[in-house]
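First comes the structure, then the notes that go with it.
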Amino acid sequence: MKIHIKKELGNIGEQIAVEYLIKNKYQILRRNFYCRQGEIDIIAKDKKEIVFIEVKTRINNNFGEPAEAVNKVKQTHMYKSARYFLYKLNLLDIFSRFDVIEVLIANGRFNVNHIKQIM
């Protein structure tokens, strides 16, 4: 039961993040890109830059800020997955960056914090 709630919360957070990105003129290229190297929640284009985005959704900060969960292991998986994505689409010469979007949901409201260039 707990796993389903966590996944549902994550899906809601990702949808909020997508809406935030679209509102801020990002073009969504891919959601939930999976490959052998790992997974990337959202791949978007910001002007001429490809942005690989990890979304972290929480209902409180009892266990720290959401972005703190994007540790070195997760960053390594993101990097390898991004390289594969760029290689697969022959985009290795395109500028890219890695962002985290924190979504805090409480009392029927949400707050979005977009942290650019995490690594």
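Each chain in the structure tokens gets a letter, A, B and so on, in the order shown; residues start at 1 in every chain, and ligands are counted from 1 in the order they appear.
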
Item to check | Selection near Phe95 in chain A, 9 Å with only C-alpha atoms, sequence-local residues under 5 positions removed, as a list of chain:residue names | outcome: A:Lys48, A:Glu49, A:Ile50, A:Val51

Next on the checklist: DSSP on the backbone: which residues in range 4-87 of chain A end up as alpha helix (DSSP H)? Give the answer as a PyMOL selection string.
Outcome noted: chain A and resi 4-23+72-87

Item to check | Exercise: Ile53 in chain A partners within 7 Å, only C-alpha atoms, chain neighbours under 5 positions left out, as a PyMOL selection string | outcome: chain A and resi 40-43+98-101

Store the residues of this selection in a file with all heavy atoms, as a short mmCIF file (atom, residue, chain, number, x, y, z; two decimals), in the first residue's frame.
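So part_17.cif came out as:
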```
data_model
loop_
_atom_site.label_atom_id
_atom_site.label_comp_id
_atom_site.auth_asym_id
_atom_site.auth_seq_id
_atom_site.Cartn_x
_atom_site.Cartn_y
_atom_site.Cartn_z
N ILE A 40 15.40 8.92 -16.14
CA ILE A 40 15.31 10.37 -16.02
C ILE A 40 13.84 10.73 -16.07
O ILE A 40 13.11 10.32 -16.98
CB ILE A 40 16.10 11.08 -17.14
CG1 ILE A 40 17.58 10.72 -17.03
CG2 ILE A 40 15.90 12.59 -17.06
CD1 ILE A 40 18.44 11.22 -18.15
N ASP A 41 13.39 11.51 -15.08
CA ASP A 41 11.97 11.85 -14.98
C ASP A 41 11.47 12.66 -16.17
O ASP A 41 10.46 12.33 -16.77
CB ASP A 41 11.69 12.61 -13.69
CG ASP A 41 11.93 11.75 -12.45
OD1 ASP A 41 11.74 10.52 -12.53
OD2 ASP A 41 12.30 12.31 -11.40
N ILE A 42 12.18 13.75 -16.48
CA ILE A 42 11.75 14.63 -17.57
C ILE A 42 12.98 15.06 -18.37
O ILE A 42 14.01 15.42 -17.80
CB ILE A 42 11.04 15.89 -17.03
CG1 ILE A 42 9.82 15.53 -16.18
CG2 ILE A 42 10.63 16.82 -18.17
CD1 ILE A 42 9.23 16.70 -15.41
N ILE A 43 12.83 15.02 -19.68
CA ILE A 43 13.84 15.58 -20.57
C ILE A 43 13.14 16.69 -21.33
O ILE A 43 12.09 16.47 -21.95
CB ILE A 43 14.42 14.53 -21.54
CG1 ILE A 43 15.03 13.36 -20.75
CG2 ILE A 43 15.47 15.18 -22.46
CD1 ILE A 43 15.45 12.19 -21.60
N PHE A 98 21.75 19.52 -15.97
CA PHE A 98 20.98 18.66 -15.07
C PHE A 98 20.33 19.54 -14.01
O PHE A 98 21.01 20.32 -13.35
CB PHE A 98 21.89 17.62 -14.41
CG PHE A 98 22.50 16.67 -15.41
CD1 PHE A 98 23.68 16.99 -16.07
CD2 PHE A 98 21.87 15.49 -15.72
CE1 PHE A 98 24.24 16.13 -17.00
CE2 PHE A 98 22.42 14.61 -16.66
CZ PHE A 98 23.61 14.94 -17.30
N ASP A 99 19.01 19.41 -13.87
CA ASP A 99 18.25 20.19 -12.90
C ASP A 99 17.49 19.26 -11.96
O ASP A 99 17.26 18.09 -12.28
CB ASP A 99 17.21 21.08 -13.60
CG ASP A 99 17.81 22.17 -14.47
OD1 ASP A 99 19.04 22.28 -14.55
OD2 ASP A 99 17.02 22.92 -15.07
N VAL A 100 17.09 19.82 -10.83
CA VAL A 100 16.17 19.15 -9.92
C VAL A 100 14.97 20.08 -9.72
O VAL A 100 15.14 21.28 -9.55
CB VAL A 100 16.82 18.86 -8.54
CG1 VAL A 100 15.78 18.34 -7.55
CG2 VAL A 100 17.94 17.85 -8.68
N ILE A 101 13.80 19.50 -9.77
CA ILE A 101 12.60 20.25 -9.41
C ILE A 101 12.03 19.62 -8.16
O ILE A 101 11.70 18.43 -8.14
CB ILE A 101 11.56 20.27 -10.54
CG1 ILE A 101 12.11 21.05 -11.74
CG2 ILE A 101 10.24 20.87 -10.05
CD1 ILE A 101 11.17 21.17 -12.91
#
```

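Of the residues listed (A:Ile118, A:Ala44, A:Ile105, A:Ala17), A:Ile118 shows the shortest atom-to-atom separation from Lys74 in chain A; distances use only C-alpha atoms.
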
Checklist entry - Any idea what the distance is between CA of Lys45 in chain A and CA of Ala69 in chain A? => result 23.9 Å

Next on the checklist: Going by DSSP on the backbone, which residues of chain A come out as strand (DSSP E)? List them as a PyMOL selection string.
Outcome noted: chain A and resi 27-35+38-46+49-58+96-106+109-115

Checklist entry - When distances are computed from only C-alpha atoms, which of A:Gln37, A:Ile59, A:Glu54, A:Arg31 shows the smallest separation from Gly108 in chain A? => result A:Ile59

Checklist entry - Between A:Arg58, A:Lys7, A:Arg36, A:His114, which is the closest to Met78 in chain A once you count only C-alpha atoms? => result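 Closest to Met78 in chain A, using only C-alpha atoms: A:Arg36.
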
Next on the checklist: Just to confirm, what's the straight-line distance from CA of Val112 in chain A to CA of Gln15 in chain A in Å (one decimal)?
Outcome noted: 11.5 Å
